[in-house]
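Data file: structure_21.cif. Format and content: mmCIF, C-alpha atoms.
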data_entry
loop_
_atom_site.label_atom_id
_atom_site.label_comp_id
_atom_site.auth_asym_id
_atom_site.auth_seq_id
_atom_site.Cartn_x
_atom_site.Cartn_y
_atom_site.Cartn_z
CA MET A 686 -10.51 17.19 -12.95
CA ARG A 687 -7.25 18.99 -12.65
CA ILE A 688 -6.15 22.55 -12.14
CA THR A 689 -3.65 23.55 -14.73
CA MET A 690 -1.42 26.54 -14.17
CA PRO A 691 -1.87 29.52 -16.39
CA LEU A 692 1.16 29.40 -18.60
CA ALA A 693 3.78 32.04 -18.08
CA GLY A 694 5.48 33.47 -21.12
CA GLY A 695 8.63 31.75 -20.02
CA LEU A 696 7.02 28.36 -20.09
CA ALA A 697 7.01 28.18 -23.85
CA LEU A 698 10.71 28.92 -23.82
CA LEU A 699 11.27 26.39 -21.11
CA ALA A 700 9.32 23.71 -22.94
CA ALA A 701 11.46 24.36 -25.98
CA LEU A 702 14.59 24.13 -23.89
CA THR A 703 13.46 20.98 -22.14
CA ALA A 704 12.50 19.30 -25.36
CA CYS A 705 15.99 19.37 -26.72
CA SER A 706 18.09 18.86 -23.65
CA GLY A 707 18.34 15.65 -21.74
CA PRO A 708 20.70 15.31 -18.83
CA GLY A 709 24.21 15.64 -20.10
CA ASN A 710 25.82 17.53 -22.93
CA GLN A 711 24.29 17.38 -26.36
CA PRO A 712 26.40 16.86 -29.45
CA GLY A 713 27.39 20.23 -30.82
CA ASP A 714 26.75 21.92 -27.47
CA ASP A 715 29.82 23.98 -26.68
CA SER A 716 28.51 25.15 -23.30
CA PRO A 717 30.88 24.36 -20.44
CA TYR A 718 27.83 23.36 -18.40
CA THR A 719 25.87 20.12 -18.25
CA GLY A 720 22.81 22.15 -17.27
CA THR A 721 21.02 24.34 -19.78
CA GLU A 722 22.03 28.00 -19.71
CA ILE A 723 18.96 30.17 -19.14
CA ASP A 724 20.60 33.50 -18.37
CA GLY A 725 17.99 36.01 -17.31
CA ALA A 726 15.01 33.99 -18.59
CA PHE A 727 13.44 34.08 -15.11
CA THR A 728 13.75 36.31 -12.05
CA LEU A 729 13.08 35.18 -8.50
CA PRO A 730 9.72 36.69 -7.53
CA SER A 731 9.28 38.70 -4.34
CA ILE A 732 6.87 36.28 -2.70
CA THR A 733 7.02 35.45 0.99
CA PHE A 734 6.81 31.86 2.20
CA THR A 735 7.33 30.17 5.56
CA ASP A 736 10.59 28.28 5.86
CA ASN A 737 11.16 24.92 7.52
CA LYS A 738 12.04 26.63 10.80
CA GLY A 739 8.77 28.58 10.79
CA LYS A 740 10.28 31.91 9.74
CA ASP A 741 9.26 34.18 6.88
CA TYR A 742 11.32 33.71 3.74
CA ASN A 743 11.03 36.05 0.80
CA LEU A 744 12.09 34.12 -2.27
CA LYS A 745 13.82 37.14 -3.77
CA ALA A 746 15.15 39.14 -0.80
CA ASP A 747 16.26 36.19 1.30
CA SER A 748 18.04 34.52 -1.59
CA GLU A 749 20.07 37.62 -2.43
CA GLY A 750 23.82 37.48 -2.17
CA VAL A 751 24.23 33.74 -2.77
CA THR A 752 23.79 31.50 -5.78
CA THR A 753 20.48 29.69 -5.19
CA ALA A 754 19.03 26.49 -6.62
CA VAL A 755 15.22 26.21 -6.55
CA PHE A 756 13.21 23.00 -6.91
CA PHE A 757 9.45 22.50 -6.56
CA GLY A 758 8.23 19.15 -5.26
CA PHE A 759 6.37 17.53 -2.38
CA THR A 760 7.30 15.16 0.41
CA ASN A 761 4.72 12.52 -0.48
CA CYS A 762 6.54 12.00 -3.77
CA PRO A 763 8.58 8.84 -3.33
CA ASP A 764 10.80 8.90 -6.39
CA ILE A 765 11.53 12.15 -8.26
CA CYS A 766 11.69 14.50 -5.28
CA PRO A 767 13.94 12.51 -2.94
CA THR A 768 16.15 11.57 -5.88
CA THR A 769 16.58 15.22 -6.82
CA MET A 770 17.26 16.26 -3.22
CA ALA A 771 19.73 13.40 -2.73
CA ASP A 772 21.52 14.30 -5.97
CA MET A 773 21.69 17.93 -4.87
CA ALA A 774 22.96 16.98 -1.41
CA GLN A 775 25.65 14.75 -2.91
CA ALA A 776 26.69 17.59 -5.23
CA VAL A 777 26.94 20.01 -2.31
CA ASP A 778 29.13 17.51 -0.48
CA LYS A 779 31.60 17.80 -3.35
CA LEU A 780 31.95 21.57 -2.96
CA ASP A 781 34.67 23.08 -0.81
CA PRO A 782 33.61 25.03 2.32
CA ASP A 783 33.94 28.41 0.61
CA GLU A 784 31.78 27.29 -2.31
CA ARG A 785 29.23 25.80 0.04
CA GLU A 786 29.03 29.14 1.83
CA ARG A 787 28.02 30.85 -1.40
CA PHE A 788 25.38 28.35 -2.49
CA LYS A 789 21.94 27.60 -1.16
CA VAL A 790 19.32 24.99 -2.03
CA VAL A 791 15.67 26.02 -1.72
CA PHE A 792 12.88 23.45 -1.94
CA VAL A 793 9.35 24.81 -2.42
CA THR A 794 6.46 22.46 -1.72
CA ALA A 795 3.97 22.19 -4.55
CA ASP A 796 1.59 20.58 -2.05
CA PRO A 797 1.24 23.03 0.87
CA ASP A 798 -2.03 21.38 1.94
CA ARG A 799 -0.08 18.41 3.22
CA ASP A 800 3.46 19.74 3.64
CA ASP A 801 3.87 21.94 6.69
CA PRO A 802 7.21 23.42 7.84
CA GLU A 803 7.72 20.64 10.38
CA LEU A 804 7.25 17.83 7.86
CA ILE A 805 9.44 19.58 5.30
CA ASP A 806 12.11 20.10 7.94
CA MET A 807 12.17 16.40 8.79
CA TRP A 808 12.16 15.42 5.13
CA LEU A 809 15.00 17.75 4.18
CA SER A 810 17.10 16.70 7.16
CA SER A 811 17.55 13.26 5.63
CA PHE A 812 19.33 14.91 2.69
CA ASN A 813 21.02 18.04 4.03
CA PRO A 814 19.82 19.91 7.12
CA ASP A 815 21.15 23.15 5.63
CA PHE A 816 18.64 23.06 2.78
CA THR A 817 15.79 25.54 3.03
CA GLY A 818 12.23 24.26 2.58
CA LEU A 819 9.36 26.62 1.88
CA SER A 820 5.61 26.34 2.14
CA GLY A 821 3.08 29.02 1.30
CA THR A 822 -0.52 29.48 0.27
CA LEU A 823 -1.66 27.66 -2.85
CA GLU A 824 -1.98 31.02 -4.63
CA ASP A 825 1.53 32.17 -3.74
CA THR A 826 3.00 28.77 -4.56
CA ASP A 827 1.33 28.68 -7.97
CA GLU A 828 2.30 32.28 -8.69
CA ALA A 829 5.95 31.65 -7.84
CA ALA A 830 6.00 28.47 -9.92
CA SER A 831 4.37 30.24 -12.83
CA ASP A 832 6.88 33.10 -12.62
CA LEU A 833 9.66 30.52 -12.86
CA GLY A 834 8.11 28.58 -15.73
CA ILE A 835 7.42 25.56 -13.54
CA SER A 836 4.09 23.84 -14.01
CA ILE A 837 2.11 22.38 -11.15
CA SER A 838 -1.04 20.29 -11.45
CA ARG A 839 -2.88 18.93 -8.49
CA PRO A 840 -6.21 17.13 -8.38
CA GLU A 841 -9.23 19.18 -7.38
CA ASP A 842 -10.27 16.48 -4.97
CA ARG A 843 -7.42 16.26 -2.51
CA GLU A 844 -8.67 13.63 -0.09
CA GLY A 845 -6.55 10.68 0.93
CA ASP A 846 -3.57 9.78 -1.21
CA TYR A 847 -3.10 11.95 -4.22
CA GLN A 848 -0.26 12.88 -6.47
CA VAL A 849 0.87 16.30 -7.59
CA GLY A 850 2.41 16.79 -11.00
CA HIS A 851 5.22 19.29 -11.00
CA GLY A 852 8.02 20.58 -13.17
CA SER A 853 10.99 18.43 -12.28
CA GLN A 854 13.69 20.87 -13.30
CA THR A 855 15.98 22.60 -10.84
CA LEU A 856 16.71 26.26 -11.61
CA VAL A 857 19.81 28.09 -10.45
CA PHE A 858 19.76 31.82 -9.77
CA SER A 859 22.59 34.32 -9.50
CA PRO A 860 23.18 36.25 -6.25
CA GLU A 861 21.08 38.98 -7.91
CA GLY A 862 18.16 36.61 -8.46
CA GLU A 863 18.49 36.15 -12.24
CA SER A 864 18.21 32.63 -13.66
CA GLU A 865 21.47 31.12 -14.86
CA LEU A 866 21.18 27.36 -15.26
CA MET A 867 18.58 24.62 -15.40
CA TRP A 868 19.18 20.99 -14.54
CA ASN A 869 16.74 18.41 -15.79
CA TYR A 870 15.70 15.53 -13.60
CA GLY A 871 18.39 12.87 -13.53
CA THR A 872 21.42 15.14 -13.83
CA GLU A 873 24.18 13.32 -11.96
CA PRO A 874 25.60 14.79 -8.73
CA ASP A 875 29.08 14.96 -10.28
CA ALA A 876 27.78 17.04 -13.18
CA ILE A 877 25.83 19.30 -10.80
CA ALA A 878 28.95 19.82 -8.67
CA ASP A 879 31.10 20.60 -11.73
CA ASP A 880 28.50 23.10 -12.96
CA LEU A 881 28.33 24.71 -9.54
CA LYS A 882 32.07 25.07 -9.20
CA LEU A 883 32.24 26.80 -12.55
CA LEU A 884 29.19 28.96 -11.86
CA LEU A 885 30.41 30.01 -8.41
CA LYS A 886 33.71 31.03 -9.94
CA GLU A 887 31.85 33.22 -12.43
CA ASP A 888 29.39 34.57 -9.87
CA ASN A 889 32.36 35.58 -7.76
CA THR A 890 33.81 37.75 -10.52
CA PRO A 891 32.57 41.29 -9.96
CA MET B 1177 22.39 -2.55 -23.83
CA THR B 1178 20.21 -4.48 -26.20
CA ALA B 1179 17.53 -6.42 -24.45
CA THR B 1180 15.72 -7.83 -27.43
CA LEU B 1181 15.83 -11.58 -27.26
CA LYS B 1182 14.27 -13.84 -29.81
CA ARG B 1183 11.55 -16.10 -28.55
CA THR B 1184 13.35 -19.04 -30.02
CA LEU B 1185 16.53 -18.64 -27.96
CA LEU B 1186 17.71 -21.83 -26.37
CA LEU B 1187 17.90 -21.75 -22.61
CA PRO B 1188 21.71 -21.55 -22.23
CA ALA B 1189 21.89 -18.61 -24.61
CA ALA B 1190 19.09 -16.91 -22.75
CA LEU B 1191 20.85 -17.39 -19.44
CA LEU B 1192 24.01 -15.87 -20.84
CA ALA B 1193 22.06 -12.90 -22.05
CA PHE B 1194 20.56 -12.46 -18.61
CA GLY B 1195 23.95 -12.55 -17.02
CA ALA B 1196 24.90 -9.67 -19.27
CA LEU B 1197 21.70 -7.82 -18.46
CA SER B 1198 22.14 -8.01 -14.73
CA ALA B 1199 25.78 -7.01 -15.05
CA CYS B 1200 24.78 -3.56 -16.24
CA GLY B 1201 21.68 -3.32 -14.09
CA GLY B 1202 23.34 -1.74 -11.06
CA PRO B 1203 23.52 -3.51 -7.73
CA GLU B 1204 24.34 -7.17 -7.38
CA ALA B 1205 21.27 -9.34 -7.31
CA GLY B 1206 21.30 -9.77 -3.55
CA GLY B 1207 18.29 -11.91 -2.79
CA ALA B 1208 17.39 -12.89 -6.29
CA ALA B 1209 14.24 -14.93 -6.39
CA GLU B 1210 14.70 -17.69 -8.90
CA HIS B 1211 11.55 -19.03 -10.36
CA THR B 1212 12.68 -20.76 -13.47
CA PRO B 1213 11.08 -24.10 -14.17
CA ALA B 1214 13.67 -26.47 -15.55
CA ALA B 1215 11.98 -27.40 -18.80
CA ASP B 1216 10.21 -24.36 -20.11
CA ARG B 1217 11.92 -24.47 -23.47
CA GLY B 1218 9.26 -24.13 -26.07
CA SER B 1219 6.53 -24.24 -23.48
CA ALA B 1220 3.93 -21.54 -23.63
CA GLU B 1221 4.30 -20.47 -20.03
CA PRO B 1222 5.84 -17.39 -18.55
CA SER B 1223 8.94 -17.84 -16.44
CA ILE B 1224 9.49 -14.98 -14.03
CA LYS B 1225 12.64 -13.95 -12.23
CA VAL B 1226 12.77 -10.95 -9.88
CA THR B 1227 16.15 -9.35 -9.14
CA ASP B 1228 17.81 -6.20 -7.86
CA ALA B 1229 15.00 -5.28 -5.47
CA THR B 1230 15.73 -2.25 -3.32
CA VAL B 1231 13.66 -0.08 -0.99
CA ARG B 1232 14.77 3.36 0.11
CA VAL B 1233 15.17 4.44 3.70
CA PRO B 1234 12.03 6.59 4.08
CA SER B 1235 12.48 10.35 4.32
CA THR B 1236 8.97 10.75 5.72
CA PRO B 1237 6.76 8.31 7.68
CA ASP B 1238 4.24 8.47 4.85
CA VAL B 1239 5.96 6.94 1.91
CA THR B 1240 9.08 5.51 0.35
CA ALA B 1241 10.02 4.08 -3.02
CA GLY B 1242 11.02 0.60 -4.16
CA TYR B 1243 12.73 -0.61 -7.31
CA LEU B 1244 13.30 -4.01 -8.92
CA THR B 1245 13.77 -5.84 -12.17
CA ILE B 1246 11.41 -8.50 -13.53
CA GLU B 1247 12.56 -10.82 -16.27
CA ASN B 1248 10.23 -13.12 -18.12
CA THR B 1249 12.30 -15.82 -19.78
CA GLY B 1250 9.27 -17.89 -20.66
CA GLY B 1251 7.33 -18.22 -23.85
CA ALA B 1252 4.15 -16.50 -22.68
CA ASP B 1253 3.20 -13.11 -21.32
CA ASP B 1254 2.46 -12.49 -17.68
CA VAL B 1255 0.94 -9.64 -15.72
CA LEU B 1256 2.04 -8.24 -12.37
CA THR B 1257 -1.20 -7.64 -10.52
CA GLY B 1258 0.11 -6.37 -7.21
CA VAL B 1259 2.91 -6.16 -4.68
CA ALA B 1260 2.65 -6.62 -0.92
CA THR B 1261 4.91 -6.52 2.11
CA ASP B 1262 4.50 -6.76 5.86
CA ALA B 1263 6.72 -3.68 6.13
CA ALA B 1264 4.19 -1.22 4.71
CA LYS B 1265 0.45 -0.62 4.85
CA GLU B 1266 0.16 -0.83 1.09
CA VAL B 1267 2.37 -1.08 -1.96
CA GLN B 1268 1.27 0.79 -5.07
CA MET B 1269 2.74 0.60 -8.54
CA HIS B 1270 3.32 3.94 -10.25
CA ASP B 1271 4.65 5.06 -13.54
CA THR B 1272 6.19 8.45 -14.16
CA VAL B 1273 4.81 10.46 -17.01
CA ASN B 1274 7.09 13.21 -18.25
CA ASN B 1275 5.24 15.94 -20.07
CA ASP B 1276 7.85 18.50 -21.14
CA GLY B 1277 9.58 18.29 -17.78
CA GLU B 1278 6.43 18.16 -15.70
CA MET B 1279 6.68 14.82 -13.95
CA LYS B 1280 3.47 13.22 -12.86
CA MET B 1281 3.01 9.84 -11.28
CA GLU B 1282 0.22 7.59 -12.44
CA GLN B 1283 -0.89 4.62 -10.43
CA GLN B 1284 -0.93 1.33 -12.32
CA ASP B 1285 -3.33 -1.46 -11.42
CA THR B 1286 -1.29 -3.94 -13.39
CA VAL B 1287 2.05 -4.03 -15.18
CA SER B 1288 2.47 -6.40 -18.09
CA VAL B 1289 5.61 -8.48 -18.36
CA PRO B 1290 5.69 -9.80 -21.93
CA ALA B 1291 7.41 -13.03 -22.91
CA ASP B 1292 11.16 -12.68 -23.36
CA ASP B 1293 11.13 -9.21 -21.91
CA THR B 1294 12.55 -7.36 -18.95
CA VAL B 1295 10.59 -4.76 -17.01
CA LYS B 1296 12.56 -2.45 -14.76
CA PHE B 1297 11.14 -0.47 -11.88
CA GLU B 1298 13.68 2.33 -11.60
CA SER B 1299 13.99 5.97 -10.66
CA GLY B 1300 12.27 8.25 -13.13
CA GLY B 1301 10.05 5.47 -14.48
CA LEU B 1302 7.98 2.66 -13.04
CA HIS B 1303 8.46 2.43 -9.29
CA LEU B 1304 6.87 0.98 -6.21
CA MET B 1305 5.32 3.33 -3.69
CA LEU B 1306 5.30 1.89 -0.19
CA MET B 1307 2.62 3.67 1.83
CA GLU B 1308 3.20 4.09 5.58
CA PRO B 1309 6.31 1.92 5.54
CA THR B 1310 6.49 1.48 9.32
CA GLY B 1311 8.42 -1.76 8.95
CA VAL B 1312 11.19 0.04 7.11
CA ALA B 1313 11.53 3.02 9.45
CA ASP B 1314 13.87 1.33 11.90
CA LEU B 1315 15.92 -0.46 9.29
CA GLU B 1316 19.29 0.62 7.99
CA ALA B 1317 20.91 0.45 4.60
CA GLY B 1318 21.81 -3.16 3.88
CA ASP B 1319 18.90 -4.68 5.83
CA THR B 1320 16.25 -6.50 3.85
CA ILE B 1321 12.48 -6.83 3.72
CA THR B 1322 10.39 -9.34 1.83
CA LEU B 1323 8.24 -8.23 -1.09
CA THR B 1324 5.60 -10.52 -2.51
CA LEU B 1325 4.82 -9.97 -6.17
CA SER B 1326 1.57 -11.44 -7.48
CA PHE B 1327 1.45 -12.50 -11.10
CA LYS B 1328 -1.63 -13.51 -13.04
CA GLU B 1329 0.00 -16.67 -14.42
CA SER B 1330 2.99 -17.36 -12.21
CA GLY B 1331 1.31 -16.76 -8.88
CA ASP B 1332 3.10 -15.21 -5.92
CA ILE B 1333 6.85 -14.71 -6.07
CA GLU B 1334 8.81 -13.49 -3.08
CA THR B 1335 11.96 -11.43 -3.30
CA GLU B 1336 14.24 -9.89 -0.71
CA ALA B 1337 14.58 -6.13 -1.14
CA THR B 1338 17.69 -4.47 0.19
CA ILE B 1339 17.21 -1.24 2.13
CA GLU B 1340 19.14 1.55 0.50
CA ASP B 1341 20.10 5.06 1.54
CA PRO B 1342 19.01 7.52 -1.18
CA MET B 1343 22.16 9.50 -0.41
CA GLN B 1344 24.10 6.55 -1.80
CA GLY B 1345 21.71 5.70 -4.62
CA THR B 1346 22.60 2.85 -6.90
CA ASP B 1347 22.22 5.07 -9.95
CA SER B 1348 24.99 7.37 -8.89
CA GLN B 1349 27.16 4.49 -7.68
CA ASP B 1350 26.88 3.11 -11.15
CA SER B 1351 28.28 6.22 -12.76
CA GLY B 1352 30.52 6.97 -9.81
CA SER B 1353 32.88 4.26 -10.93
CA HIS B 1354 33.49 6.23 -14.11
CA GLU B 1355 34.08 9.57 -12.47
CA ASP B 1356 37.84 9.49 -12.67
CA MET B 1357 38.01 8.11 -16.17
CA GLY B 1358 36.72 10.84 -18.37
CA HIS B 1359 35.02 14.09 -17.53
CA GLU B 1360 31.96 15.16 -19.36
CA GLY B 1361 33.69 15.65 -22.68
CA ASP B 1362 32.01 13.09 -24.85
#

Would you mind writing the structure in this file as structure tokens?
Amino acid sequence: MRITMPLAGGLALLAALTACSGPGNQPGDDSPYTGTEIDGAFTLPSITFTDNKGKDYNLKADSEGVTTAVFFGFTNCPDICPTTMADMAQAVDKLDPDERERFKVVFVTADPDRDDPELIDMWLSSFNPDFTGLSGTLEDTDEAASDLGISISRPEDREGDYQVGHGSQTLVFSPEGESELMWNYGTEPDAIADDLKLLLKEDNTP
Amino acid sequence: MTATLKRTLLLPAALLAFGALSACGGPEAGGAAEHTPAADRGSAEPSIKVTDATVRVPSTPDVTAGYLTIENTGGADDVLTGVATDAAKEVQMHDTVNNDGEMKMEQQDTVSVPADDTVKFESGGLHLMLMEPTGVADLEAGDTITLTLSFKESGDIETEATIEDPMQGTDSQDSGSHEDMGHEGD
């Protein structure tokens, strides 16, 4: 009935991480971050997508130099995806202009059959027109998701209305493309902004 | 928030409890649809009240989400069998299944509303999916549309849903009021 992603090695780690971390700090957690620290657990893969303006976007090369948050979702998702994008947009609004300059949000559609660059562009514009939205082939999308420990399941029969299951976490990557933080679904914009301010301070230290 | 009420609660006590419930439920109950028969004390009938209905400004022409709270203050279970509105082609009920972080929506044909219980449609859980919500497209935050909820026992109940901008979601407004009081150090 359903195509399940081959599990990347990182997925086991991620499942373990997810299992014990809700949004917000856990008792006994001395991390300064609300998000879960996943330093170096994943690396942005060099896979080329089409962005929401119709241009090529290589997930690794074109994200270099700025701290980048990556979220997989789809526009026909009424709840989780817009909530995550709205939370992210509200967090970005809390950054100062210099911080905003050094941070980028990348949305990757898990449903490229229905989401084309134009639709993604319109969808993102209701949250923050500066966000980047990527679509690619099913193979490239699944490979990128797998590399980042994000599961995607979509029905084999994709006629009419259908739903795509997808990892709901947002991953943050350093300017060098190494994973740093993971926010679970439901992390509040204030907590995201606080994490980002701290992270951007650290990412700025040579 | 404890929402466990004994079946035997007298009506005034139950009402008090509901006041408390809606106080921490987010937005003010704008167009609350009251449907509380006067003398249902001890009667074996459900008594349904729908509050806090909101619908998001759509981000695509295809779909948007709706949320609401259903309280059954009666002495019998009821079942929500469907939701309709003139503002969308179809309204589906979905639940969110979280499997180790992989979120998947599952369509629900019915949603049970047990006696003395409250069922919340909220982000990350049960929610309404309004398909092709053309009647919402031109509306702005603060406008309202009518939703009709069909219950197996209680029949059709209408409620006014307030249009809401996801960029000013009620969830974050809720916690926003605490933002200056204590940082994340608890």

With the file shown as input, list the residues that the PyMOL selection byres ((chain B) within 7 of (chain A)) selects, as a compact mmCIF listing (two decimals) with C-alpha atoms, keeping the file's coordinate frame.
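Generated file (expr_16.txt):
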# COMPACT_ATOMS: atom_id res chain seq x y z
CA SER B 1235 12.48 10.35 4.32
CA THR B 1236 8.97 10.75 5.72
CA ASP B 1238 4.24 8.47 4.85
CA VAL B 1239 5.96 6.94 1.91
CA THR B 1240 9.08 5.51 0.35
CA ALA B 1241 10.02 4.08 -3.02
CA ASP B 1276 7.85 18.50 -21.14
CA GLY B 1277 9.58 18.29 -17.78
CA GLU B 1278 6.43 18.16 -15.70
CA MET B 1279 6.68 14.82 -13.95
CA LYS B 1280 3.47 13.22 -12.86
CA MET B 1281 3.01 9.84 -11.28
CA SER B 1299 13.99 5.97 -10.66
CA GLY B 1300 12.27 8.25 -13.13
CA MET B 1305 5.32 3.33 -3.69
CA PRO B 1342 19.01 7.52 -1.18
CA MET B 1343 22.16 9.50 -0.41
CA SER B 1348 24.99 7.37 -8.89

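With the shown file loaded, the PyMOL selection byres ((chain A and resi 734-743) around 7) picks out A:Ser731, A:Ile732, A:Thr733, A:Leu744, A:Lys745, A:Ala746, A:Asp747, A:Pro802, A:Glu803, A:Ile805, A:Asp806, A:Thr817, A:Gly818, A:Leu819, A:Ser820, A:Gly821.
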
Hits of the PyMOL selection byres ((chain B and resi 1311) around 9) in this structure, as a PyMOL selection string: chain B and resi 1262-1264+1308-1310+1312-1315+1321

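Nearest to Asp778 of chain A of all the residues A:Asp815, A:Asp827, A:Gly720, A:Leu883 is A:Asp815, based on all atoms listed in the file.
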
Point-to-point distance in Å for atom CA of Ser1288 of chain B and atom CA of Asp1253 of chain B: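 Between these atoms lies a distance of 7.5 Å.
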
For atom CA of Arg785 of chain A and atom CA of Lys886 of chain A, the interatomic separation in Å (one decimal): 12.1 Å

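The spacing separating atom CA of Thr1338 of chain B from atom CA of Asp1319 of chain B amounts to 5.8 Å.
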
Non-local contacts of Glu1329 of chain B (12 Å; only C-alpha atoms; under 3 positions in same chain excluded) as a PyMOL selection string: chain B and resi 1220-1224+1248+1250+1252-1257+1288-1291+1325-1326+1332-1333

Residues around (15.6, 5.8, -0.4), cut-off 6 Å, counting all atoms listed in the file - what are they as a JSON list (two decimals) with C-alpha atoms, keeping the file's coordinate frame?
[["chain", "number", "residue", "atom", "x", "y", "z"],
["B", 1232, "ARG", "CA", 14.77, 3.36, 0.11],
["B", 1233, "VAL", "CA", 15.17, 4.44, 3.70],
["B", 1234, "PRO", "CA", 12.03, 6.59, 4.08],
["B", 1340, "GLU", "CA", 19.14, 1.55, 0.50],
["B", 1341, "ASP", "CA", 20.10, 5.06, 1.54],
["B", 1342, "PRO", "CA", 19.01, 7.52, -1.18]]

Distance query 6 Å from (15.8, -4.4, -7.5) using all atoms listed in the file, result as a ChimeraX atom specification: /B:1227-1230,1243-1245

Among listed residues A:Asp783, A:Asp832, A:Asp842, A:Glu824, nearest Thr728 of chain A (using only C-alpha atoms): A:Asp832
